[in-house]
Structure formats: structure tokens, C-alpha cells
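Reading through the C-alpha cells given below for one structure.
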Amino acid sequence: MSVNFIRGISLKVLYPLLMFLGMIYKGKKEAFQRFIINLNNSLVRRQGIKAERVLLLLPHCLQIDKCKIRITHDIFNCKRCGLCEIKDLIGVAEERNLNLFVATGGTVARKIVFDVHPQVIVAVACERDLSSGIADAYPMPVFGIPNSRPQGPCFNTRVDLDKVVEGIEIFTTTQ
């Protein structure tokens with residue numbers, strides 16, 4: 001049985017089952033989503049895929065709310081002031097020649113994937129958007145990195161830059 005087949009079963013059978021259980025046990029839903037993300041990431045690692053066309057997909061909520069510059073249409077509008085992690089993420093994308101986009105939701109994320117035609121995706125989002133996006137994108141390999149939400153959902157979220165680099169290296173570094 002191939003790793004991709006196991007990943008498909010986990011995303012097309014196990015994930016919907018866990019989301020159903022999450023409706024019953026509401027307090028467990030985010031933990032179920034995190035489980036799916038971690039399982040998917042583990043299976044994606046095992047696949048050992050190397051790619052040239054990597055998409056780094058970010059949520060708009062990583063941008064600090066006080067910023068006057070909107071980056072949702074073009075992330076390179078960022079003035080790189082350093083108040084949020086966007087500056088560092090742009091640097092990583094430029095250094096590694098990645099496609100870098102910000103999505104305001106699942107519909108926009110799907111359009112970006114359709115337009116860019118990546119071979120693989122490294123995605124940052126909350127557990128809900130990440131788990132559903134990973135399932136929607138199958139069979140495309142997606143490495144998911146949950147953001148942290150110290151001020152609540154969809155507002156001044158954060159991401160661990162080291163985890164983003166680790167996700168990129170899974171697809172770009174020969175092991």
C-alpha cells in the first residue's frame with residue numbers, strides 16, 4: 001500500500017469521520033483537525049517528494065491590524081517594517097524562489113492553487129482552514145503549519161518561521 005493511498009484514505013475517510021465526531025464532541029474538534037494535519041504532514045514527509053514549483057500560501061491574518069498597507073492582492077506591497085512576520089516570509093520566499101501568496105479564505109486559496117499550478121504547497125492557517133484545505137487539495141502534497149492566535153482567531157496571528165522553513169525543506173532539500 002503506497003503512502004499516497006494511505007494519505008488519501010486519511011483525508012477522504014478519516015477526516016470526514018473526525019469532523020462528524022467533532023460536531024458531537026465540540027471541545028475536541030480542533031484536536032481532531034490538528035491530528036489530521038499532523039498525520040498528513042507525517043505521510044507527506046514519508047513520500048519524499050522534491051519539487052521545483054513550491055507554493056507558500058499564507059493567511060491574511062498574519063498581517064498586523066495596524067498596518068496601512070494591504071497585502072492581500074500583492075504581498076510584495078509589504079513595506080517590510082518588521083512588525084509582523086510577513087517581512088521574514090517574503091525573504092524566505094525570495095531566497096528560495098518560491099511562489100508566495102496571501103489568501104483571504106478557502107475560495108481564494110483554491111483559485112491561487114489553480115492559477116499557480118504548484119507541484120507542492122506549504123500552507124499556514126488555523127486548524128480549521130488548514131485541515132479542510134489539505135483535504136480539498138488532495139492528491140497534491142500539502143505540508144500544513146498551524147498559526148498561533150494569541151489575540152484570537154483571524155486577528156494578528158503568528159507563525160513559527162522555523163516550521164515554515166522546515167516545511168519548505170521537506171520539498172526542496174535532498175535528504
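Ordering of the C-alpha cells sets the chain letters (A, B, ...), residue numbers begin anew at 1 in every chain, and ligands are numbered from 1 in the order given.
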For segment 145-159 of chain A, please output as a list in words all residues within 9 Å (counting only C-alpha atoms; exclusion window: fewer than 2 positions along the same chain).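 Final neighbour list, sorted by chain and number: Arg34, Ile37, Asn41, Pro59, His60, Cys61, Leu62, Gln63, Ile64, Asp65, Cys84, Glu85, Val122, Ala123, Val124, Ala125, Cys126, Glu127, Leu130, Phe143, Leu161, Asp162, Lys163, Val164 and Gly167 of chain A.
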May I have a table of the residues of segment 76-139 of chain A lying at most 12 Å from segment 43-57 of chain A, giving each one's closest pair of atoms and their distance in Å to one decimal, counting only C-alpha atoms, ordered by chain and ascending residue number, as a tab-separated table?
residue	atom	partner	partner_atom	distance
A:Ile86	CA	A:Leu57	CA	11.6
A:Leu89	CA	A:Leu56	CA	8.9
A:Ile90	CA	A:Leu56	CA	9.7
A:Gly91	CA	A:Leu56	CA	11.9
A:Val92	CA	A:Leu56	CA	9.7
A:Ala93	CA	A:Leu56	CA	7.5
A:Glu94	CA	A:Leu56	CA	11.0
A:Arg96	CA	A:Val54	CA	9.4
A:Asn97	CA	A:Val54	CA	8.5
A:Leu98	CA	A:Val54	CA	5.5
A:Asn99	CA	A:Leu55	CA	4.7
A:Leu100	CA	A:Leu56	CA	4.9
A:Phe101	CA	A:Leu57	CA	5.2
A:Val102	CA	A:Leu57	CA	5.9
A:Ala103	CA	A:Leu57	CA	7.0
A:Thr104	CA	A:Leu57	CA	10.4
A:Gly105	CA	A:Leu57	CA	10.9
A:Gly106	CA	A:Leu57	CA	11.0
A:Val108	CA	A:Leu57	CA	10.6
A:Ala109	CA	A:Leu57	CA	7.6
A:Arg110	CA	A:Leu57	CA	10.4
A:Lys111	CA	A:Leu57	CA	11.6
A:Ile112	CA	A:Leu57	CA	8.7
A:Val113	CA	A:Leu55	CA	8.0
A:Phe114	CA	A:Leu55	CA	11.2
A:Asp115	CA	A:Leu55	CA	11.0
A:Val116	CA	A:Leu55	CA	7.8
A:His117	CA	A:Arg53	CA	7.9
A:Pro118	CA	A:Arg53	CA	5.0
A:Gln119	CA	A:Arg53	CA	5.3
A:Val120	CA	A:Val54	CA	5.2
A:Ile121	CA	A:Leu55	CA	4.7
A:Val122	CA	A:Leu56	CA	4.9
A:Ala123	CA	A:Leu57	CA	4.7
A:Val124	CA	A:Leu57	CA	6.3
A:Ala125	CA	A:Leu57	CA	8.6
A:Asp129	CA	A:Leu57	CA	11.8
A:Leu130	CA	A:Leu57	CA	10.5
A:Gly133	CA	A:Leu57	CA	10.9
A:Ile134	CA	A:Val44	CA	11.0
A:Tyr138	CA	A:Val44	CA	11.1
A:Pro139	CA	A:Val44	CA	10.6
As a PDB file with C-alpha atoms, in the first residue's frame, please: every residue in segment 62-146 of chain A that DSSP puts in alpha helix (DSSP H).
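Output saved as selection08.pdb:
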ATOM      1  CA  ILE A  86       5.365  38.886   6.551  1.00  0.00           C
ATOM      2  CA  LYS A  87       8.775  40.548   6.008  1.00  0.00           C
ATOM      3  CA  ASP A  88      10.608  37.360   7.017  1.00  0.00           C
ATOM      4  CA  LEU A  89       8.298  35.135   4.973  1.00  0.00           C
ATOM      5  CA  ILE A  90       8.886  37.276   1.871  1.00  0.00           C
ATOM      6  CA  GLY A  91      12.623  36.938   2.494  1.00  0.00           C
ATOM      7  CA  VAL A  92      12.379  33.152   2.707  1.00  0.00           C
ATOM      8  CA  ALA A  93      10.290  33.001  -0.485  1.00  0.00           C
ATOM      9  CA  GLU A  94      12.666  35.278  -2.406  1.00  0.00           C
ATOM     10  CA  GLU A  95      15.751  33.421  -1.183  1.00  0.00           C
ATOM     11  CA  ARG A  96      14.311  30.072  -2.288  1.00  0.00           C
ATOM     12  CA  GLY A 106     -10.675  28.952   1.093  1.00  0.00           C
ATOM     13  CA  THR A 107     -12.176  30.121  -2.208  1.00  0.00           C
ATOM     14  CA  VAL A 108      -9.269  32.495  -2.837  1.00  0.00           C
ATOM     15  CA  ALA A 109      -6.786  29.801  -1.786  1.00  0.00           C
ATOM     16  CA  ARG A 110      -8.285  27.332  -4.292  1.00  0.00           C
ATOM     17  CA  LYS A 111      -8.094  29.983  -7.053  1.00  0.00           C
ATOM     18  CA  ILE A 112      -4.437  30.670  -6.247  1.00  0.00           C
ATOM     19  CA  VAL A 113      -3.635  26.946  -6.435  1.00  0.00           C
ATOM     20  CA  PHE A 114      -5.498  26.684  -9.756  1.00  0.00           C
ATOM     21  CA  ASP A 115      -3.717  29.732 -11.218  1.00  0.00           C
ATOM     22  CA  VAL A 116      -0.196  28.948  -9.945  1.00  0.00           C
ATOM     23  CA  GLU A 127      -6.503  24.241  12.108  1.00  0.00           C
ATOM     24  CA  ARG A 128      -9.983  24.520  10.580  1.00  0.00           C
ATOM     25  CA  ASP A 129      -8.857  26.113   7.296  1.00  0.00           C
ATOM     26  CA  LEU A 130      -5.695  24.043   7.112  1.00  0.00           C
ATOM     27  CA  SER A 131      -7.340  20.654   7.625  1.00  0.00           C
ATOM     28  CA  SER A 132     -10.109  21.361   5.115  1.00  0.00           C
ATOM     29  CA  GLY A 133      -7.635  22.840   2.620  1.00  0.00           C
ATOM     30  CA  ILE A 134      -5.357  19.823   2.859  1.00  0.00           C
ATOM     31  CA  ALA A 135      -8.317  17.526   2.207  1.00  0.00           C
ATOM     32  CA  ASP A 136      -9.553  19.693  -0.698  1.00  0.00           C
ATOM     33  CA  ALA A 137      -6.100  19.775  -2.331  1.00  0.00           C
TER      34      ALA A 137
END
Taking the DSSP assignment computed from this structure's backbone, write out as a PyMOL selection string all residues of segment 41-127 of chain A that belong to strand (DSSP E or B). chain A and resi 54-59+99-103+120-125
